[in-house]
file coords_34.txt (compact mmCIF, C-alpha atoms)
# COMPACT_ATOMS: atom_id res chain seq x y z
CA MET A 1 151.63 84.82 -34.82
CA CYS A 2 151.20 84.69 -31.06
CA THR A 3 154.32 83.54 -29.23
CA GLN A 4 154.75 83.56 -25.49
CA ARG A 5 158.01 84.94 -24.16
CA GLU A 6 159.88 82.12 -22.45
CA LEU A 7 161.49 82.24 -19.03
CA GLY A 8 165.16 82.55 -19.86
CA GLU A 9 168.59 82.71 -18.26
CA SER A 10 169.58 84.58 -15.12
CA LYS A 11 169.97 88.35 -14.87
CA THR A 12 170.25 90.49 -11.74
CA ILE A 13 167.23 90.65 -9.41
CA ARG A 14 166.75 87.38 -7.51
CA MET A 15 164.60 88.44 -4.52
CA ILE A 16 161.43 89.73 -6.11
CA GLU A 17 159.31 92.52 -4.63
CA ILE A 18 156.48 93.73 -6.87
CA LEU A 19 154.83 97.13 -6.59
CA PHE A 20 151.75 97.83 -8.74
CA THR A 21 151.09 101.41 -9.78
CA GLN A 22 148.76 103.29 -12.10
CA LYS A 23 151.28 106.05 -12.72
CA PRO A 24 153.63 105.35 -15.65
CA GLN A 25 157.30 105.30 -14.68
CA GLU A 26 160.09 106.99 -16.55
CA VAL A 27 161.15 104.55 -19.25
CA ASN A 28 164.79 103.52 -19.06
CA HIS A 29 164.62 101.63 -22.40
CA LYS A 30 165.89 98.42 -20.81
CA SER A 31 164.27 95.11 -21.55
CA VAL A 32 162.72 93.51 -18.51
CA GLU A 33 165.15 90.64 -19.08
CA ASP A 34 167.97 93.05 -18.25
CA PHE A 35 166.97 93.12 -14.60
CA VAL A 36 164.71 90.10 -13.92
CA HIS A 37 166.09 86.62 -13.29
CA PHE A 38 163.67 84.63 -15.52
CA ASP A 39 164.71 81.12 -14.54
CA LEU A 40 162.35 78.97 -12.49
CA ARG A 41 164.88 76.26 -11.68
CA GLY A 42 165.59 75.97 -7.97
CA ARG A 43 163.12 78.73 -7.13
CA LYS A 44 160.82 78.66 -4.13
CA ILE A 45 157.15 78.41 -5.13
CA GLU A 46 156.61 82.02 -3.97
CA ASP A 47 159.18 83.36 -6.43
CA LYS A 48 157.93 81.08 -9.21
CA VAL A 49 154.46 82.61 -8.92
CA LYS A 50 155.86 86.15 -8.95
CA LEU A 51 157.98 85.43 -12.03
CA LEU A 52 155.05 83.89 -13.89
CA VAL A 53 152.84 86.88 -13.05
CA LEU A 54 155.55 89.21 -14.37
CA ARG A 55 155.91 87.11 -17.52
CA ASP A 56 152.16 87.22 -18.19
CA LEU A 57 151.94 90.98 -17.65
CA TRP A 58 154.95 91.56 -19.87
CA ASN A 59 153.24 89.51 -22.59
CA VAL A 60 150.28 91.93 -22.59
CA ASN A 61 152.44 95.05 -22.65
CA TRP A 62 152.50 96.08 -19.01
CA GLN A 63 155.45 98.31 -18.22
CA ILE A 64 157.97 96.73 -15.84
CA GLN A 65 160.65 99.00 -14.44
CA GLN A 66 163.35 98.60 -11.81
CA ARG A 67 163.63 100.80 -8.72
CA GLY A 68 166.39 99.50 -6.48
CA LYS A 69 165.35 95.98 -5.53
CA LYS A 70 161.71 96.58 -6.39
CA LEU A 71 159.94 96.00 -9.70
CA ILE A 72 157.43 98.71 -10.58
CA VAL A 73 154.59 97.27 -12.67
CA THR A 74 152.19 99.54 -14.60
CA PRO A 75 149.30 98.57 -16.91
CA PRO A 76 148.92 100.20 -20.34
CA GLU A 77 146.32 102.94 -20.61
CA ASN A 78 144.50 100.86 -23.23
CA TYR A 79 144.98 97.42 -24.70
CA THR A 80 145.20 97.21 -28.48
CA LYS A 81 142.99 94.73 -30.30
CA GLU A 82 146.10 92.82 -31.30
CA THR A 83 147.20 92.47 -27.66
CA ILE A 84 143.74 91.19 -26.71
CA ARG A 85 143.75 88.73 -29.60
CA GLU A 86 147.19 87.41 -28.63
CA ALA A 87 146.16 86.96 -24.99
CA MET A 88 142.99 85.13 -26.03
CA ALA A 89 144.97 82.96 -28.45
CA MET A 90 147.31 81.93 -25.67
CA LYS A 91 144.46 81.09 -23.29
CA ARG A 92 142.68 79.18 -26.04
CA LEU A 93 145.78 77.21 -26.94
CA GLU A 94 146.35 76.20 -23.31
CA HIS A 95 142.89 74.64 -23.18
CA LEU A 96 143.06 73.04 -26.63
CA LEU A 97 146.34 71.30 -25.82
CA GLU A 98 144.75 69.81 -22.71
CA CYS A 99 141.87 68.49 -24.84
CA LYS A 100 143.85 67.53 -27.94
CA GLN A 101 142.90 63.86 -27.94
CA TRP A 102 139.24 64.61 -27.24
CA ILE A 103 139.16 67.06 -30.15
CA LYS A 104 140.83 64.55 -32.47
CA HIS A 105 138.21 61.95 -31.52
CA HIS A 106 135.21 64.28 -32.03
CA ILE A 107 136.16 66.36 -35.08
CA LYS A 108 134.39 63.84 -37.33
CA VAL A 109 131.15 64.45 -35.43
CA ALA A 110 131.40 68.18 -36.19
CA ARG A 111 131.96 67.57 -39.90
CA GLN A 112 128.98 65.23 -40.06
CA ASN A 113 126.72 68.01 -38.77
CA LEU A 114 127.81 70.80 -41.14
CA ALA A 115 126.58 71.65 -44.64
CA SER A 116 128.42 72.09 -47.90
CA GLY A 117 128.45 75.62 -49.22
CA VAL A 118 126.81 74.57 -52.49
CA ASP A 119 123.80 73.24 -50.57
CA VAL A 120 123.56 76.31 -48.35
CA LEU A 121 123.45 78.64 -51.37
CA LYS A 122 120.26 76.81 -52.42
CA SER A 123 118.71 76.79 -48.94
CA ASP A 124 115.76 78.96 -47.90
CA ILE A 125 117.22 78.73 -44.36
CA LYS A 126 114.56 77.62 -41.87
CA PRO A 127 116.12 77.66 -38.41
CA VAL A 128 114.97 75.29 -35.70
CA ILE A 129 116.22 75.22 -32.11
CA GLU A 130 117.63 72.04 -30.60
CA VAL A 131 118.15 72.08 -26.83
CA CYS A 132 121.16 70.10 -25.64
CA ASN A 133 120.09 67.39 -23.22
CA SER A 134 122.06 64.26 -24.13
CA ASN A 135 125.82 63.72 -23.87
CA LYS A 136 125.89 63.40 -27.65
CA GLN A 137 124.36 66.87 -28.05
CA HIS A 138 126.70 68.40 -25.48
CA ASP A 139 129.71 66.84 -27.23
CA LEU A 140 128.61 68.31 -30.56
CA PHE A 141 128.16 71.73 -28.97
CA ARG A 142 131.59 71.54 -27.37
CA ILE A 143 133.52 70.57 -30.52
CA LEU A 144 131.78 73.30 -32.52
CA ARG A 145 132.56 75.87 -29.81
CA TYR A 146 136.29 75.11 -30.16
CA TYR A 147 136.19 76.54 -33.69
CA TRP A 148 136.26 80.15 -32.50
CA SER A 149 139.37 82.12 -31.62
CA SER A 150 138.18 83.07 -28.12
CA PRO A 151 139.17 80.78 -25.23
CA TYR A 152 136.72 78.10 -24.14
CA SER A 153 135.00 78.69 -20.83
CA GLU A 154 132.10 77.11 -19.03
CA TYR A 155 129.46 78.51 -16.73
CA VAL A 156 128.10 76.75 -13.66
CA GLY A 157 124.66 77.05 -12.11
CA ARG A 158 121.79 77.48 -14.53
CA ARG A 159 122.86 76.60 -18.05
CA ILE A 160 121.13 76.11 -21.40
CA ARG A 161 122.97 75.14 -24.58
CA LEU A 162 121.26 75.58 -27.93
CA ILE A 163 122.10 74.23 -31.37
CA ILE A 164 120.46 76.07 -34.28
CA ARG A 165 119.84 73.83 -37.31
CA ASP A 166 118.64 74.49 -40.86
CA ALA A 167 115.43 72.51 -41.44
CA ALA A 168 115.32 73.66 -45.07
CA LEU A 169 118.00 71.04 -45.87
CA SER A 170 117.32 67.33 -45.42
CA SER A 171 120.49 66.81 -43.37
CA ARG A 172 119.44 69.58 -40.96
CA PRO A 173 122.99 70.97 -40.65
CA VAL A 174 124.08 73.28 -37.86
CA ILE A 175 123.75 77.01 -38.52
CA GLY A 176 125.18 78.13 -35.20
CA ILE A 177 125.18 77.66 -31.44
CA ALA A 178 124.27 79.69 -28.36
CA ALA A 179 124.57 79.20 -24.62
CA LEU A 180 122.97 80.88 -21.62
CA GLY A 181 124.36 80.69 -18.10
CA SER A 182 123.81 82.17 -14.65
CA PRO A 183 124.88 85.83 -14.72
CA ILE A 184 127.96 87.15 -12.97
CA ILE A 185 126.83 88.36 -9.56
CA HIS A 186 128.27 91.87 -9.52
CA ILE A 187 129.04 94.10 -12.50
CA PRO A 188 128.83 97.75 -11.32
CA GLU A 189 128.07 99.22 -14.76
CA ARG A 190 125.26 96.73 -15.37
CA ASP A 191 123.81 97.13 -11.89
CA GLU A 192 123.78 100.92 -12.13
CA TRP A 193 122.08 100.82 -15.56
CA ILE A 194 119.33 98.49 -14.33
CA GLY A 195 118.93 100.43 -11.07
CA TRP A 196 120.05 97.65 -8.73
CA ASP A 197 121.40 98.03 -5.26
CA LYS A 198 122.75 94.95 -3.50
CA ASP A 199 119.36 93.85 -2.13
CA THR A 200 117.34 94.27 -5.33
CA ARG A 201 120.09 92.60 -7.35
CA THR A 202 120.16 89.63 -4.98
CA LYS A 203 116.38 89.22 -5.29
CA ASN A 204 116.03 89.75 -9.03
CA LEU A 205 119.24 88.55 -10.71
CA ILE A 206 117.50 85.16 -10.94
CA TYR A 207 115.32 86.58 -13.74
CA THR A 208 118.28 87.18 -16.04
CA MET A 209 120.90 85.10 -17.84
CA ASP A 210 124.23 85.73 -19.56
CA ALA A 211 124.65 84.75 -23.21
CA TYR A 212 128.23 83.51 -23.15
CA VAL A 213 128.20 81.84 -26.58
CA VAL A 214 126.47 83.37 -29.63
CA GLY A 215 127.70 82.61 -33.12
CA ALA A 216 127.50 80.84 -36.47
CA LEU A 217 129.52 78.03 -38.02
CA PRO A 218 130.76 77.87 -41.61
CA PRO A 219 129.43 78.33 -44.17
CA TYR A 220 126.50 80.19 -42.50
CA ASN A 221 128.94 82.60 -40.83
CA TYR A 222 129.64 84.11 -44.28
CA LEU A 223 125.91 84.85 -44.60
CA LEU A 224 125.68 86.79 -41.31
CA GLY A 225 124.52 83.70 -39.46
CA GLY A 226 125.86 85.19 -36.23
CA LYS A 227 123.26 87.94 -36.47
CA LEU A 228 120.62 85.28 -37.16
CA VAL A 229 121.51 83.45 -33.93
CA SER A 230 121.37 86.80 -32.11
CA TYR A 231 117.85 87.40 -33.45
CA ILE A 232 116.75 83.90 -32.45
CA LEU A 233 117.87 84.52 -28.87
CA ALA A 234 115.40 87.43 -28.78
CA SER A 235 112.43 85.15 -29.56
CA LYS A 236 109.67 84.06 -27.22
CA GLU A 237 110.62 80.48 -28.13
CA VAL A 238 113.90 80.91 -26.23
CA ARG A 239 112.01 82.41 -23.30
CA GLU A 240 109.67 79.41 -23.33
CA ILE A 241 112.61 76.99 -23.42
CA TYR A 242 113.89 78.68 -20.28
CA ARG A 243 110.45 78.58 -18.64
CA ASN A 244 109.95 74.88 -19.40
CA LYS A 245 113.36 73.99 -17.96
CA TYR A 246 112.94 75.93 -14.72
CA LYS A 247 109.17 75.64 -14.21
CA GLY A 248 108.45 74.76 -10.59
CA LYS A 249 112.01 75.55 -9.50
CA VAL A 250 112.44 78.03 -6.65
CA THR A 251 115.42 79.93 -5.27
CA LEU A 252 117.04 78.42 -2.19
CA ILE A 253 117.05 81.53 -0.01
CA ASP A 254 113.74 83.35 -0.55
CA LYS A 255 111.84 80.55 -2.36
CA ARG A 256 111.07 82.64 -5.45
CA GLU A 257 110.01 80.94 -8.66
CA SER A 258 112.81 81.20 -11.21
CA ASP A 259 111.02 80.37 -14.48
CA LYS A 260 110.58 83.93 -15.78
CA LEU A 261 113.32 85.16 -18.11
CA ILE A 262 113.16 88.96 -18.20
CA GLY A 263 116.42 89.66 -19.99
CA ILE A 264 119.79 88.47 -21.24
CA PHE A 265 123.16 90.17 -20.79
CA THR A 266 126.05 89.64 -23.19
CA THR A 267 129.43 91.23 -23.81
CA SER A 268 131.87 92.05 -26.58
CA LEU A 269 135.64 92.35 -26.17
CA TYR A 270 136.40 94.76 -29.01
CA GLY A 271 134.48 97.89 -28.15
CA LYS A 272 131.20 97.85 -30.03
CA GLY A 273 130.33 94.29 -30.99
CA SER A 274 129.68 94.18 -34.72
CA GLN A 275 127.36 91.21 -34.26
CA TYR A 276 125.01 93.32 -32.11
CA ASN A 277 125.41 96.68 -33.82
CA ARG A 278 122.31 98.01 -35.56
CA LEU A 279 120.43 94.82 -34.70
CA LYS A 280 116.93 96.26 -34.79
CA TYR A 281 113.47 94.79 -34.97
CA ARG A 282 110.52 97.05 -35.80
CA ASN A 283 112.67 100.12 -35.17
CA GLU A 284 113.71 98.82 -31.75
CA LEU A 285 117.36 98.21 -30.94
CA LEU A 286 117.34 94.66 -29.60
CA TYR A 287 120.75 94.62 -27.88
CA LYS A 288 120.95 97.82 -25.89
CA PRO A 289 124.49 99.02 -25.10
CA ILE A 290 124.94 99.53 -21.35
CA GLY A 291 128.56 100.64 -21.20
CA GLN A 292 131.91 99.04 -20.51
CA THR A 293 133.14 96.94 -17.65
CA LYS A 294 136.04 98.30 -15.63
CA GLY A 295 138.15 95.40 -16.76
CA TYR A 296 138.04 92.94 -13.86
CA GLY A 297 139.13 89.54 -15.09
CA THR A 298 141.79 86.87 -15.46
CA LEU A 299 142.20 86.60 -19.22
CA HIS A 300 145.63 88.21 -19.04
CA LEU A 301 146.97 85.51 -16.69
CA SER A 302 148.01 82.13 -18.07
CA ARG A 303 146.89 78.71 -16.89
CA GLN A 304 150.51 77.96 -15.94
CA THR A 305 150.47 80.93 -13.57
CA VAL A 306 147.13 79.97 -11.99
CA ASP A 307 148.32 76.37 -11.54
CA ALA A 308 151.43 77.66 -9.77
CA MET A 309 149.21 79.79 -7.52
CA ILE A 310 147.19 76.69 -6.62
CA LEU A 311 150.39 74.87 -5.66
CA LEU A 312 151.38 77.86 -3.52
CA ILE A 313 148.03 77.87 -1.73
CA LYS A 314 148.17 74.12 -1.13
CA SER A 315 151.69 74.45 0.23
CA LYS A 316 150.23 76.67 2.95
CA GLY A 317 147.79 73.96 4.01
CA TYR A 318 144.63 75.11 2.23
CA ASN A 319 142.33 72.60 0.52
CA VAL A 320 141.63 74.51 -2.70
CA ASN A 321 138.65 72.42 -3.81
CA ASN A 322 136.77 72.78 -0.52
CA VAL A 323 137.69 76.34 0.32
CA PHE A 324 137.35 77.93 -3.09
CA GLY A 325 134.32 76.11 -4.48
CA ASP A 326 133.12 76.50 -8.05
CA GLY A 327 131.90 79.14 -10.45
CA PRO A 328 133.12 81.92 -12.70
CA SER A 329 134.88 83.60 -9.75
CA TRP A 330 136.89 80.52 -8.79
CA VAL A 331 140.09 81.65 -10.51
CA MET A 332 139.69 85.14 -9.03
CA ARG A 333 139.52 83.63 -5.55
CA VAL A 334 142.67 81.63 -6.24
CA ILE A 335 144.47 84.80 -7.38
CA ARG A 336 143.32 86.77 -4.34
CA ALA A 337 144.43 84.03 -1.95
CA ALA A 338 147.84 83.75 -3.61
CA ALA A 339 148.19 87.53 -3.52
CA ASP A 340 147.43 87.59 0.21
CA ILE A 341 150.19 85.05 0.77
CA LEU A 342 152.66 87.04 -1.37
CA ASP A 343 151.51 90.43 -0.06
CA PHE A 344 150.81 92.07 -3.39
CA ASP A 345 147.77 93.93 -4.68
CA SER A 346 145.46 91.36 -6.29
CA ASP A 347 142.66 93.91 -6.69
CA PHE A 348 144.87 96.05 -8.90
CA LEU A 349 145.99 93.02 -10.89
CA LEU A 350 142.44 91.77 -11.48
CA ARG A 351 141.07 95.23 -12.20
CA HIS A 352 143.33 95.73 -15.20
CA SER A 353 142.24 92.93 -17.47
CA PHE A 354 140.42 93.65 -20.76
CA LYS A 355 137.36 95.88 -20.77
CA ARG A 356 134.19 94.55 -22.36
CA SER A 357 131.18 96.29 -23.84
CA ILE A 358 127.94 95.16 -22.17
CA TYR A 359 124.59 94.68 -23.95
CA PHE A 360 121.12 93.91 -22.66
CA LEU A 361 118.39 92.04 -24.52
CA SER A 362 114.99 92.45 -22.84
CA PHE A 363 111.96 90.19 -23.06
CA ALA A 364 109.60 92.62 -21.33
CA LYS A 365 108.43 96.14 -22.07
CA ASN A 366 108.62 96.96 -18.35
CA PHE A 367 111.85 95.04 -17.67
CA ARG A 368 113.34 97.72 -15.43
CA ASP A 369 110.31 97.91 -13.13
CA VAL A 370 110.27 94.12 -12.82
CA LEU A 371 114.00 93.78 -12.20
CA THR A 372 114.01 96.53 -9.56
CA GLY A 373 111.05 94.99 -7.75
CA ASN A 374 108.59 97.80 -8.47
CA THR A 375 106.07 95.40 -10.02
CA ALA A 376 105.41 91.68 -10.25
CA ARG A 377 103.35 92.04 -13.43
CA VAL A 378 105.42 91.34 -16.54
CA GLU A 379 104.51 92.82 -19.93
CA PHE A 380 106.29 90.38 -22.22
CA ASP A 381 107.40 91.22 -25.76
CA ASP A 382 106.17 88.20 -27.69
CA ARG A 383 108.56 88.30 -30.65
CA THR A 384 108.17 85.02 -32.50
CA MET A 385 111.14 83.29 -34.06
CA LYS A 386 109.32 83.17 -37.40
CA GLU A 387 108.94 86.95 -37.44
CA LEU A 388 112.50 87.58 -36.32
CA VAL A 389 113.98 85.20 -38.91
CA GLN A 390 111.95 86.82 -41.67
CA PHE A 391 113.16 90.24 -40.56
CA TRP A 392 116.77 88.98 -40.61
CA LYS A 393 116.31 87.68 -44.14
CA GLU A 394 114.91 90.95 -45.45
CA ARG A 395 117.32 93.21 -43.58
CA TRP A 396 120.57 91.24 -43.78
CA PHE A 397 120.49 87.92 -45.61
CA GLU A 398 119.05 88.75 -49.03
CA LYS A 399 121.67 91.39 -49.74
CA ARG A 400 124.56 89.37 -48.35
CA ARG A 401 123.74 86.23 -50.35
CA THR A 402 124.14 88.17 -53.64
CA ASN A 403 127.58 89.52 -52.73
CA PRO A 404 130.10 87.98 -55.20
CA GLN A 405 132.83 87.40 -52.60
CA THR A 406 130.33 85.91 -50.16
CA ILE A 407 129.16 83.49 -52.83
CA VAL A 408 132.76 82.40 -53.43
CA ASN A 409 133.42 81.95 -49.70
CA VAL A 410 130.26 79.92 -49.14
CA ARG A 411 130.68 77.77 -52.24
CA GLU A 412 134.26 76.86 -51.35
CA PHE A 413 133.34 75.42 -47.95
CA GLU A 414 133.01 71.66 -47.52
CA PRO A 415 132.44 69.95 -44.15
CA ASN A 416 135.69 67.99 -44.46
CA LEU A 417 137.53 71.33 -44.39
CA PHE A 418 136.27 72.08 -40.90
CA ASN A 419 138.98 71.91 -38.28
CA VAL A 420 139.96 73.24 -34.88
CA GLU A 421 143.06 75.34 -35.50
CA PHE A 422 145.59 75.10 -32.70
CA GLY A 423 147.66 77.94 -34.11
CA LYS A 424 145.03 80.69 -33.83
call {"tool": "encode", "arguments": {"input": "coords_34.txt", "output": "structure tokens"}}
result
Amino acid sequence: MCTQRELGESKTIRMIEILFTQKPQEVNHKSVEDFVHFDLRGRKIEDKVKLLVLRDLWNVNWQIQQRGKKLIVTPPENYTKETIREAMAMKRLEHLLECKQWIKHHIKVARQNLASGVDVLKSDIKPVIEVCNSNKQHDLFRILRYYWSSPYSEYVGRRIRLIIRDAALSSRPVIGIAALGSPIIHIPERDEWIGWDKDTRTKNLIYTMDAYVVGALPPYNYLLGGKLVSYILASKEVREIYRNKYKGKVTLIDKRESDKLIGIFTTSLYGKGSQYNRLKYRNELLYKPIGQTKGYGTLHLSRQTVDAMILLIKSKGYNVNNVFGDGPSWVMRVIRAAADILDFDSDFLLRHSFKRSIYFLSFAKNFRDVLTGNTARVEFDDRTMKELVQFWKERWFEKRRTNPQTIVNVREFEPNLFNVEFGK
């Protein structure tokens, strides 16, 4: 069970100076509580932020040692899967508690759109794609997304949400969901693999998207429905959905048309993503592994800490909403600004979040030449959804549906059992 260490009673150090270091310090076998005053009461906002940062890093197994009046803070060489899961659970719980009433109000909608396991065992499974346009569709997507153990996040900019339904059943229940969003601007490992420098990336990033949600809902998840959704994302139907949405749209700076989707990037937190492993079509690996990120991110810092940083920044006269804008980097900008005020190394702090494996799904045979600006002619791979679904059935589904334990798991599921677990 994931439990967050609470800020407790007073100890010794009251004026906090933090030094980040990559080099492990000699362990003195003291608990951090032996030399850190973990009580926020009566603290200046500067010290509150420092204490919360220390608390968050301690929660994910950073080493905190005392050297005189300084605290030496060192990241672990590697995060265990359990540490990552606990950090994600904490982030997820923070968001769920904020949305508790909304979830309670919409859980019935989710149950009304899911299938009983008995029905699914009889289904031939005929996926159809539903694009979210109405508020009702977006609400359904959102409540289903809360089912997973990873924290909820939202992309800004270009965004497409997809609901995959099973047309083989009269109720057309949801198989799974997927979402595409504007890609993160700079990921060194990705850029190097594609062959991007700053200029070519700026010009051609518009032709790619990030898949930030890809997965199946019960009971289809027991039947490798996550792999099915991954196959569907590789179809020309998804590329056409993108083209239809952005047809006639041009980029603001260089007035380029943005309706061509050349590829999709996605990531996995736990090394090699099992959902994308061995996902081949006609002897081609669909999701090509690029490498691992260096671990820039904010997942290891709690919402409470970020909120305290915002208060700190506002106390210095900054208008956070106007100065910091929107987007996936918004929290990073908050952390950097707070770090500048407190005079500690934000780059080091952000650089030692959790590493992710990166994958690339291409829609064009000559994707690299297109994305590096060497050609404007695109040789699309026209993989139809019908062909991809049939391949999934033959390669994955038919064997899985005869597995005795899988049959038990699927049969036992009823829509009224679906819930958003706050304890995960």
call {"tool": "atom_distance", "arguments": {"input": "coords_34.txt", "atom1": "CA of Ile185 (chain A)", "atom2": "CA of Arg92 (chain A)"}}
result
24.6 Å
call {"tool": "closest_residue", "arguments": {"input": "coords_34.txt", "among": "A:Phe422, A:Asp119, A:Asn244, A:Arg368", "to": "Lys91 (chain A)", "atoms": "only C-alpha atoms"}}
result
A:Phe422
call {"tool": "atom_distance", "arguments": {"input": "coords_34.txt", "atom1": "CA of Phe265 (chain A)", "atom2": "CA of Tyr359 (chain A)"}}
result
5.7 Å
call {"tool": "closest_residue", "arguments": {"input": "coords_34.txt", "among": "A:Leu371, A:Ala376, A:Asn133, A:Glu398", "to": "Thr202 (chain A)", "atoms": "all atoms listed in the file"}}
result
A:Leu371
call {"tool": "atom_distance", "arguments": {"input": "coords_34.txt", "atom1": "CA of Arg165 (chain A)", "atom2": "CA of Pro289 (chain A)"}}
result
28.4 Å
call {"tool": "closest_atom_pairs", "arguments": {"input": "coords_34.txt", "of": "region 28-114 of chain A", "to": "region 310-318 of chain A", "cutoff": "9 Å", "atoms": "all atoms listed in the file", "output": "tab-separated table"}}
result
residue	atom	partner	partner_atom	distance
A:Ile45	CA	A:Leu312	CA	6.0
A:Glu46	CA	A:Leu312	CA	6.7
A:Val49	CA	A:Leu312	CA	7.8
call {"tool": "residues_around", "arguments": {"input": "coords_34.txt", "residues": "Ser274 (chain A)", "least_positions_apart": "4", "cutoff": "12 Å", "atoms": "only C-alpha atoms", "output": "PyMOL selection string"}}
result
chain A and resi 215+224+226-227+230+267-270+278-279+287+289+357+359
call {"tool": "residues_around", "arguments": {"input": "coords_34.txt", "residues": "Thr384 (chain A)", "least_positions_apart": "3", "cutoff": "7 Å", "atoms": "all atoms listed in the file", "output": "list in words"}}
result
Ser235, Lys236, Glu237, Glu387 and Leu388 of chain A
call {"tool": "closest_residue", "arguments": {"input": "coords_34.txt", "among": "A:Gln137, A:Ser171, A:Ser353, A:Asn409", "to": "Thr83 (chain A)", "atoms": "all atoms listed in the file"}}
result
A:Ser353
call {"tool": "closest_atom_pairs", "arguments": {"input": "coords_34.txt", "of": "region 359-395 of chain A", "to": "region 186-201 of chain A", "cutoff": "12 Å", "atoms": "all atoms listed in the file", "output": "CSV"}}
result
residue,atom,partner,partner_atom,distance
A:Tyr359,CA,A:Arg190,CA,8.8
A:Phe360,CA,A:Arg190,CA,8.8
A:Ser362,CA,A:Ile194,CA,11.3
A:Asn366,CA,A:Ile194,CA,11.5
A:Phe367,CA,A:Ile194,CA,8.9
A:Arg368,CA,A:Ile194,CA,6.1
A:Asp369,CA,A:Ile194,CA,9.1
A:Val370,CA,A:Ile194,CA,10.2
A:Leu371,CA,A:Ile194,CA,7.4
A:Thr372,CA,A:Thr200,CA,5.8
A:Gly373,CA,A:Thr200,CA,6.8
A:Asn374,CA,A:Thr200,CA,9.9
call {"tool": "closest_residue", "arguments": {"input": "coords_34.txt", "among": "A:Ser182, A:Asn419, A:Thr74, A:Asn135", "to": "Arg159 (chain A)", "atoms": "only C-alpha atoms"}}
result
A:Ser182
